Each structure stands twice: as C-alpha cells, then as structure tokens.
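As stored in data.cif (mmCIF, C-alpha atoms and all ligand atoms):
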```cif
data_final
loop_
_atom_site.label_atom_id
_atom_site.label_comp_id
_atom_site.auth_asym_id
_atom_site.auth_seq_id
_atom_site.Cartn_x
_atom_site.Cartn_y
_atom_site.Cartn_z
CA MET E 1 29.69 -32.23 19.18
CA ARG E 2 31.26 -35.47 20.39
CA PRO E 3 34.88 -34.28 20.60
CA ALA E 4 33.89 -30.98 22.26
CA CYS E 5 31.85 -32.82 24.87
CA VAL E 6 34.60 -35.35 25.60
CA VAL E 7 37.02 -32.47 26.22
CA ALA E 8 34.48 -30.73 28.49
CA ALA E 9 34.06 -33.95 30.44
CA LYS E 10 37.77 -34.61 30.76
CA VAL E 11 38.45 -31.09 32.01
CA LEU E 12 35.66 -31.42 34.58
CA ASP E 13 37.12 -34.77 35.72
CA GLU E 14 40.55 -33.22 36.09
CA ILE E 15 39.16 -30.29 38.08
CA VAL E 16 37.30 -32.62 40.43
CA ASP E 17 40.54 -34.51 41.08
CA PHE E 18 42.32 -31.21 41.71
CA ILE E 19 39.86 -29.94 44.34
CA LYS E 20 40.98 -30.41 47.94
CA PRO E 21 40.80 -28.51 51.22
CA GLY E 22 42.96 -25.37 51.29
CA ILE E 23 42.98 -24.41 47.63
CA THR E 24 41.21 -21.29 46.45
CA THR E 25 38.52 -21.18 43.81
CA GLN E 26 40.87 -18.93 41.82
CA GLN E 27 43.42 -21.76 41.78
CA VAL E 28 40.71 -24.10 40.56
CA ASP E 29 39.81 -21.72 37.73
CA ASN E 30 43.48 -21.22 36.80
CA PHE E 31 43.93 -24.99 36.68
CA ALA E 32 40.82 -25.28 34.48
CA ALA E 33 42.20 -22.68 32.06
CA GLU E 34 45.46 -24.61 31.83
CA ARG E 35 43.70 -27.94 31.22
CA MET E 36 41.43 -26.45 28.53
CA MET E 37 44.49 -25.12 26.75
CA ALA E 38 46.25 -28.49 27.07
CA HIS E 39 43.29 -30.10 25.28
CA GLY E 40 43.28 -27.45 22.56
CA ALA E 41 39.99 -26.00 23.79
CA LYS E 42 38.79 -22.62 25.05
CA SER E 43 36.36 -21.69 27.78
CA ALA E 44 32.87 -21.15 26.43
CA PHE E 45 32.08 -19.00 29.47
CA LEU E 46 34.98 -16.50 29.51
CA GLY E 47 33.72 -13.32 27.88
CA TYR E 48 30.15 -14.60 27.51
CA ARG E 49 28.14 -11.49 28.44
CA LYS E 50 31.43 -10.27 29.95
CA TYR E 51 31.66 -13.23 32.33
CA PRO E 52 35.22 -12.96 33.74
CA CYS E 53 36.15 -16.59 34.61
CA HIS E 54 36.85 -19.82 32.75
CA THR E 55 34.45 -21.90 34.85
CA CYS E 56 31.65 -21.41 37.34
CA ILE E 57 32.50 -22.52 40.87
CA SER E 58 29.55 -22.29 43.24
CA VAL E 59 30.11 -23.11 46.91
CA ASN E 60 27.41 -24.29 49.38
CA GLU E 61 24.40 -21.92 49.13
CA GLU E 62 25.67 -20.66 45.78
CA VAL E 63 23.53 -22.26 43.08
CA VAL E 64 25.29 -21.44 39.78
CA HIS E 65 27.55 -18.81 38.18
CA GLY E 66 29.89 -18.54 41.18
CA MET E 67 33.03 -16.64 40.21
CA ALA E 68 36.57 -17.62 41.15
CA ASN E 69 38.10 -15.63 44.00
CA GLU E 70 40.54 -15.98 46.92
CA ARG E 71 38.13 -18.05 49.01
CA GLU E 72 39.79 -21.20 50.32
CA LEU E 73 37.78 -24.36 49.99
CA LYS E 74 37.46 -26.20 53.28
CA PHE E 75 36.62 -29.74 54.26
CA GLY E 76 32.87 -30.29 53.97
CA ASP E 77 32.18 -27.55 51.44
CA VAL E 78 29.84 -28.57 48.64
CA VAL E 79 31.21 -27.26 45.35
CA SER E 80 29.40 -27.12 42.02
CA VAL E 81 31.79 -26.91 39.08
CA ASP E 82 30.40 -25.98 35.66
CA VAL E 83 32.65 -26.42 32.62
CA GLY E 84 31.80 -25.36 29.09
CA VAL E 85 34.39 -25.51 26.32
CA ARG E 86 34.59 -24.55 22.69
CA TYR E 87 36.49 -27.12 20.64
CA ASN E 88 36.59 -27.25 16.86
CA GLY E 89 33.65 -24.85 16.63
CA PHE E 90 31.35 -26.76 18.97
CA ILE E 91 30.42 -26.36 22.62
CA GLY E 92 30.40 -29.08 25.29
CA ASP E 93 28.73 -28.15 28.59
CA ASN E 94 28.70 -30.13 31.84
CA ALA E 95 28.63 -29.67 35.60
CA ARG E 96 28.98 -31.70 38.76
CA THR E 97 28.76 -31.05 42.51
CA VAL E 98 31.36 -32.57 44.82
CA ALA E 99 32.14 -32.40 48.51
CA VAL E 100 35.58 -31.11 49.45
CA GLY E 101 37.14 -34.07 51.24
CA GLY E 102 33.83 -35.31 52.61
CA CYS E 103 30.51 -34.03 53.89
CA GLY E 104 27.55 -34.81 56.06
CA VAL E 105 24.72 -37.12 55.05
CA ALA E 106 22.29 -34.28 54.32
CA ALA E 107 24.65 -32.74 51.76
CA GLN E 108 25.45 -36.13 50.24
CA ARG E 109 21.76 -36.89 49.89
CA LEU E 110 21.18 -33.57 48.12
CA MET E 111 23.97 -34.36 45.66
CA ASP E 112 22.74 -37.91 45.10
CA VAL E 113 19.14 -36.83 44.46
CA THR E 114 20.28 -34.09 42.08
CA GLU E 115 22.52 -36.45 40.12
CA GLN E 116 19.84 -39.12 39.96
CA SER E 117 17.29 -36.55 38.74
CA LEU E 118 19.66 -35.71 35.88
CA TYR E 119 19.82 -39.37 34.83
CA LEU E 120 16.03 -39.68 35.01
CA GLY E 121 15.75 -36.57 32.85
CA ILE E 122 18.21 -38.05 30.38
CA ALA E 123 16.23 -41.30 30.26
CA ALA E 124 13.19 -39.27 29.13
CA ALA E 125 15.19 -37.67 26.30
CA ILE E 126 13.91 -39.98 23.58
CA PRO E 127 12.36 -39.15 20.22
CA GLY E 128 8.59 -38.68 20.39
CA ASN E 129 8.83 -37.35 23.92
CA ARG E 130 8.67 -33.63 24.58
CA VAL E 131 10.84 -31.31 26.63
CA THR E 132 8.21 -31.42 29.36
CA ASP E 133 8.77 -35.17 29.74
CA ILE E 134 12.36 -34.40 30.77
CA SER E 135 11.21 -31.59 33.05
CA ARG E 136 8.58 -33.76 34.69
CA ALA E 137 11.01 -36.63 35.34
CA VAL E 138 13.44 -34.26 37.07
CA GLN E 139 10.84 -32.33 39.06
CA ASN E 140 8.90 -35.36 40.30
CA TYR E 141 12.02 -37.09 41.55
CA VAL E 142 13.46 -34.00 43.25
CA GLU E 143 10.23 -32.92 44.91
CA GLY E 144 9.43 -36.51 45.85
CA HIS E 145 12.61 -36.43 47.92
CA GLY E 146 11.70 -33.18 49.67
CA PHE E 147 14.00 -30.87 47.71
CA SER E 148 13.12 -28.11 45.24
CA VAL E 149 14.08 -27.19 41.68
CA VAL E 150 15.25 -23.73 40.70
CA ARG E 151 12.90 -21.95 38.29
CA GLU E 152 14.96 -18.98 37.11
CA PHE E 153 17.65 -20.97 35.28
CA VAL E 154 17.09 -23.82 32.86
CA GLY E 155 18.84 -26.29 30.58
CA HIS E 156 19.16 -25.53 26.89
CA GLY E 157 19.92 -26.65 23.40
CA VAL E 158 23.67 -26.49 22.74
CA GLY E 159 25.70 -26.68 19.54
CA ARG E 160 27.84 -24.10 17.77
CA THR E 161 26.63 -21.67 20.42
CA MET E 162 26.10 -22.28 24.13
CA HIS E 163 22.43 -21.42 24.40
CA GLU E 164 20.16 -22.63 21.62
CA GLU E 165 16.55 -23.69 21.38
CA PRO E 166 14.85 -25.36 23.14
CA GLN E 167 14.94 -24.27 26.74
CA VAL E 168 14.90 -27.30 29.05
CA PRO E 169 13.33 -26.36 32.41
CA ASN E 170 13.64 -28.58 35.46
CA PHE E 171 9.95 -28.02 36.19
CA VAL E 172 6.91 -28.56 34.01
CA ASP E 173 6.21 -25.49 31.91
CA ARG E 174 3.66 -26.26 29.23
CA THR E 175 4.69 -23.28 27.12
CA MET E 176 7.97 -25.09 26.41
CA ASN E 177 6.76 -28.21 24.82
CA ASP E 178 8.98 -28.85 21.81
CA ARG E 179 9.08 -32.41 20.57
CA LEU E 180 12.48 -34.09 20.85
CA ARG E 181 13.96 -35.16 17.53
CA PRO E 182 16.99 -37.30 16.68
CA GLY E 183 20.07 -35.15 16.13
CA MET E 184 19.19 -32.53 18.74
CA THR E 185 21.85 -31.88 21.36
CA ILE E 186 20.63 -30.49 24.66
CA ALA E 187 22.17 -29.65 28.03
CA ILE E 188 20.05 -31.03 30.85
CA GLU E 189 21.03 -29.39 34.13
CA PRO E 190 18.97 -29.73 37.30
CA MET E 191 19.76 -27.09 39.95
CA VAL E 192 18.35 -28.37 43.22
CA ASN E 193 17.97 -26.56 46.54
CA ALA E 194 17.74 -28.30 49.89
CA GLY E 195 15.25 -25.65 51.05
CA CYS E 196 12.91 -23.42 49.10
CA PRO E 197 13.32 -22.95 45.33
CA ASP E 198 13.83 -19.18 45.44
CA VAL E 199 17.15 -17.67 44.46
CA LYS E 200 18.69 -14.22 44.28
CA ILE E 201 21.65 -12.76 42.40
CA LEU E 202 24.45 -11.16 44.41
CA LYS E 203 25.67 -7.59 43.77
CA ASP E 204 28.50 -8.94 41.62
CA GLY E 205 25.80 -9.45 38.98
CA TRP E 206 26.50 -13.17 38.52
CA THR E 207 26.54 -15.31 41.64
CA VAL E 208 23.18 -16.99 42.16
CA VAL E 209 22.45 -18.03 45.77
CA THR E 210 19.52 -19.67 47.52
CA ARG E 211 17.29 -17.07 49.14
CA ASP E 212 17.03 -19.11 52.35
CA GLY E 213 20.75 -19.88 52.52
CA SER E 214 20.19 -23.61 52.08
CA LEU E 215 22.64 -25.81 50.18
CA SER E 216 22.30 -26.24 46.43
CA ALA E 217 23.60 -28.82 43.95
CA HIS E 218 23.94 -28.83 40.15
CA PHE E 219 24.59 -31.66 37.70
CA GLU E 220 24.68 -31.25 33.94
CA HIS E 221 25.34 -33.35 30.85
CA THR E 222 25.19 -32.55 27.16
CA VAL E 223 23.01 -35.24 25.58
CA LEU E 224 22.35 -36.30 21.98
CA ILE E 225 18.83 -37.37 21.06
CA THR E 226 19.09 -40.45 18.84
CA ASP E 227 16.60 -42.82 17.19
CA GLY E 228 16.89 -44.93 20.31
CA LYS E 229 18.51 -44.33 23.67
CA PRO E 230 19.95 -40.91 24.46
CA GLU E 231 23.72 -40.62 24.18
CA ILE E 232 25.50 -38.81 27.01
CA LEU E 233 28.16 -36.86 25.13
CA THR E 234 29.91 -35.44 28.19
CA TRP E 235 31.19 -38.78 29.38
CA ALA E 236 34.85 -38.47 30.34
CA LYS E 237 35.60 -42.15 29.82
CA THR E 238 34.72 -42.03 26.12
CA PRO E 239 37.74 -43.51 24.26
CA SER E 240 39.81 -40.69 22.85
CA ALA E 241 39.80 -42.49 19.48
CA LEU E 242 36.26 -41.15 19.13
CA MET E 243 37.66 -37.64 19.35
CA VAL E 244 39.55 -37.91 16.08
CA GLY E 245 37.86 -36.16 13.16
N1 LIG E 301 26.32 -24.05 32.09
C1 LIG E 301 25.87 -22.69 32.31
C2 LIG E 301 24.78 -22.38 31.34
O1 LIG E 301 24.39 -23.26 30.64
C3 LIG E 301 27.01 -21.79 32.32
C4 LIG E 301 26.89 -20.43 31.81
S1 LIG E 301 27.97 -19.48 32.68
C5 LIG E 301 28.25 -18.09 31.80
O2 LIG E 301 24.22 -21.32 31.27
F1 LIG E 301 29.05 -17.41 32.45
F2 LIG E 301 28.78 -18.40 30.67
F3 LIG E 301 27.11 -17.48 31.59
CO CO E 302 24.49 -25.33 30.55
#
```

Just give me the structure of the file as structure tokens.
Ligand code: MF3
Ligand code: CO
Amino acid sequence: MRPACVVAAKVLDEIVDFIKPGITTQQVDNFAAERMMAHGAKSAFLGYRKYPCHTCISVNEEVVHGMANERELKFGDVVSVDVGVRYNGFIGDNARTVAVGGCGVAAQRLMDVTEQSLYLGIAAAIPGNRVTDISRAVQNYVEGHGFSVVREFVGHGVGRTMHEEPQVPNFVDRTMNDRLRPGMTIAIEPMVNAGCPDVKILKDGWTVVTRDGSLSAHFEHTVLITDGKPEILTWAKTPSALMVG
C-alpha cells in the first residue's frame, strides 16, 4: 500500500500546482492522466462503474464525483480534487480542496475546518478504537463550527480494491462499529457542506451537488492502522526510497 499511496499523493500535489485561473477541468484531468502514467500508475476511477474520467474534480457547490469538462476554472473557485491510483496491484486514494488563486474568508474557513476534521478523524484511528470514534471526531468538529457532514457518501477500507470493508462514515452510525485493528488501511474522507447536509446527484448520473447550492469541501487520506499512531500513507513528501519494493 505504501508505494501506491505515495504515488497518489504525488499526483495530487502535482495537480494542485497545475491548477490556476483559466484552465479547464478537462485540462486538469488530462494532466492527471499524464502524471499517473509518468509514475507508472493507472487511475483507479477510470472505468469504475463506467466512470469516464481519471480524477474527480468538483467545483464550488459540487461535493464529489465532478467530471472533467470544458468549464474554465476562475479566480475564487473552490475545487475538490480526488485522486485514486492503482500501482503494483494496490490502490492509493486521496483528495484535497483548493481555492483557484485565492478565495474569500468563508470559503477558506470551510476548507480549513474540513481539513482539520480529517486530521482529528485520523488521530482517532488507533487500535482498540472503533470506526465510530473516527466518525464522532469528524462530526463533532465540523458541526461545532457550524458546518454539516454529508451522509450519502462515506470513507472506506481500501487495499487491492478501492472500496473494502469497513465503511467509514463522517457521522456517528452505530450500525457501523467495527473495531480498528493494526494492518487495516482505510480512506477517511470528510465531505463538508457550508449549508445543509443534503445533496443530490445531477442528471449526468455522477456529479453530487449540495441541495441548497452552498459550497462544499472534501479532504481524504489513506491511513494505516498500526500498533501505535496511525500512519498517513498518502503523504506526498514521503521519501521515494520508501517506494522501492
Ligand atoms: N475517492 C472516491 C471514493 O472513494 C472516488 C470514487 S470516484 C469513482 O469513492 F468514480 F471512482 F467512483
Ligand atoms: Co475514497
């Protein structure tokens, strides 16, 4: 899992550097495809349930699963980029929301709270804890800051396939209460709306948007449960020496 996750993180880093006002989301996806190939990896999303793009690029009120098109990104847009790669038989999955050029304080606060909720969720990913401990950490922080967590989409176990057990909701759901054990790899991915938590899917069958049109942010890491502290596998600065073997 480590090499796959380092590649996923590097590609996401490269995409974030590439994003600037005036480029289209199709150009972003094309660039992502090229970078994945350069790293010897493939998109884990392309072809998954007939998904047609290499990445998910979700702009402003789009929550997740936004598909590349001819839309030009403009200054102030809030863009969530989700990158999953297959490398050497394993999947690395990560996402980040960035402002194009810059943004207002309300959007920045939404991104900051979402990112921080991810790190609080990760901190709860220790052996002996349960999935709900992650969910609770994320939900309490997000709602404590006046934002809401999406219910319809959740984090997940990840390994040789993209979606494995357990599901990792960003809200407390007592029916999903698996105990966390060392060796598990899970994708924790809070999707946070500035307004109400409700979402709908557009007619294209994929793009998820907030029902009230409010902004949404999404941060995701693939994390390894260890005997001690959780290890964030999708960390782009991991020395590439660790990728060998
Ligand atoms: N990171 C998302 C997930 O975990 C991406 C899936 S997009 C899809 O579900 F197109 F592949 F479905
Ligand atoms: Co995921």

Next item on the list: Please identify all polymer residues lying at most 12 Å from the point (12.1, -35.5, 44.0) (file coordinates), using all atoms listed in the file, and present the result as an MDAnalysis selection string.
Entry: chainID E and resid 109:110 112:118 120:121 135:149 170:171 190 192:194

Margin query: I'd like the interatomic distance between atom CA of E:Asp212 and atom CA of E:Gln108, to a tenth of an Å.
Written below: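 That distance, rounded to one decimal, is 19.1 Å.
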
Next item on the list: Go through E:Ala123, E:Val28, E:Cys196, E:Ala107 and flag the residue nearest E:Ile232, using only C-alpha atoms for the distances.
Entry: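 Under the stated criterion, the closest residue is E:Ala123.
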
Note to self: How would you report the residues lying within 6 Å of ligand CO 302 (chain E), as JSON, numbers by chain, if you count all atoms listed in the file?
What the structure shows: {"E": [93, 155, 187]}

Note to self: So, with all atoms listed in the file as the atoms that count, which of E:Pro169, E:Gly213, E:Pro21, E:Gly195 lies closest to E:Arg151?
What the structure shows: E:Pro169

Next item on the list: Could you jot down the atom CA of E:Arg96 to atom CA of E:Leu215 separation for me, Å, one decimal place?
Entry: 14.3 Å

For stretch 148-165 of chain E, I'd like the enclosing box, axis-aligned and padded by 5 Å on every side, reported as JSON with centre and edge lengths in Å to one decimal.
```
{"center_x": 20.4, "center_y": -23.5, "center_z": 31.5, "size_x": 24.9, "size_y": 19.1, "size_z": 37.5}
```

Notebook entry, point to check: Which one of E:Ala124, E:Pro3, E:Gly104, E:Asp17 sits closest to E:Thr238 if you count all atoms listed in the file?
Noted result: E:Pro3

Notebook entry, point to check: So which one's closest to E:Val85, E:Trp235, E:Trp206, E:Phe45, E:Tyr51? Using only C-alpha atoms, please.
Noted result: E:Phe45

Next item on the list: Give the answer as one residue: which of E:Leu12, E:Leu180, E:Ile201, E:Gln26 has the shortest atom-to-atom distance to E:Leu224, using all atoms listed in the file?
Entry: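 Once distances to E:Leu224 are computed over all atoms listed in the file, the minimum belongs to E:Leu180.
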
Checklist line | Interatomic distance, atom CA of E:Asp82 to atom CA of E:Ala38 (Å, one decimal) | finding: 18.2 Å

Margin query: Please find the residues contacting ligand LIG 301 (chain E) at a distance of at most 8 Å between atoms, with all atoms listed in the file counted, and report them as a PyMOL selection string.
Written below: chain E and resi 44-53+55-56+64-65+82-84+93-95+153-156+162-163+187+189+206+220

Note to self: When you count all atoms listed in the file, which of these residues is closest to E:Ala68: E:Asp198, E:Ala9, E:Ala236, E:Asp204?
What the structure shows: E:Asp204

Next item on the list: Quick one: everything within 9 Å of E:Gly128, counting only C-alpha atoms, minus sequence neighbours fewer than 2 positions away in the same chain. Send it as a list of chain:residue names.
Entry: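 Contacts, in chain order: E:Ala125, E:Ile126, E:Arg130, E:Arg179, E:Leu180, E:Arg181.
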
Next item on the list: Please identify all polymer residues within 7 Å of E:Val98, counting only C-alpha atoms, omitting same-chain residues fewer than 2 positions from it, and present them as a count of residues only.
Entry: 5
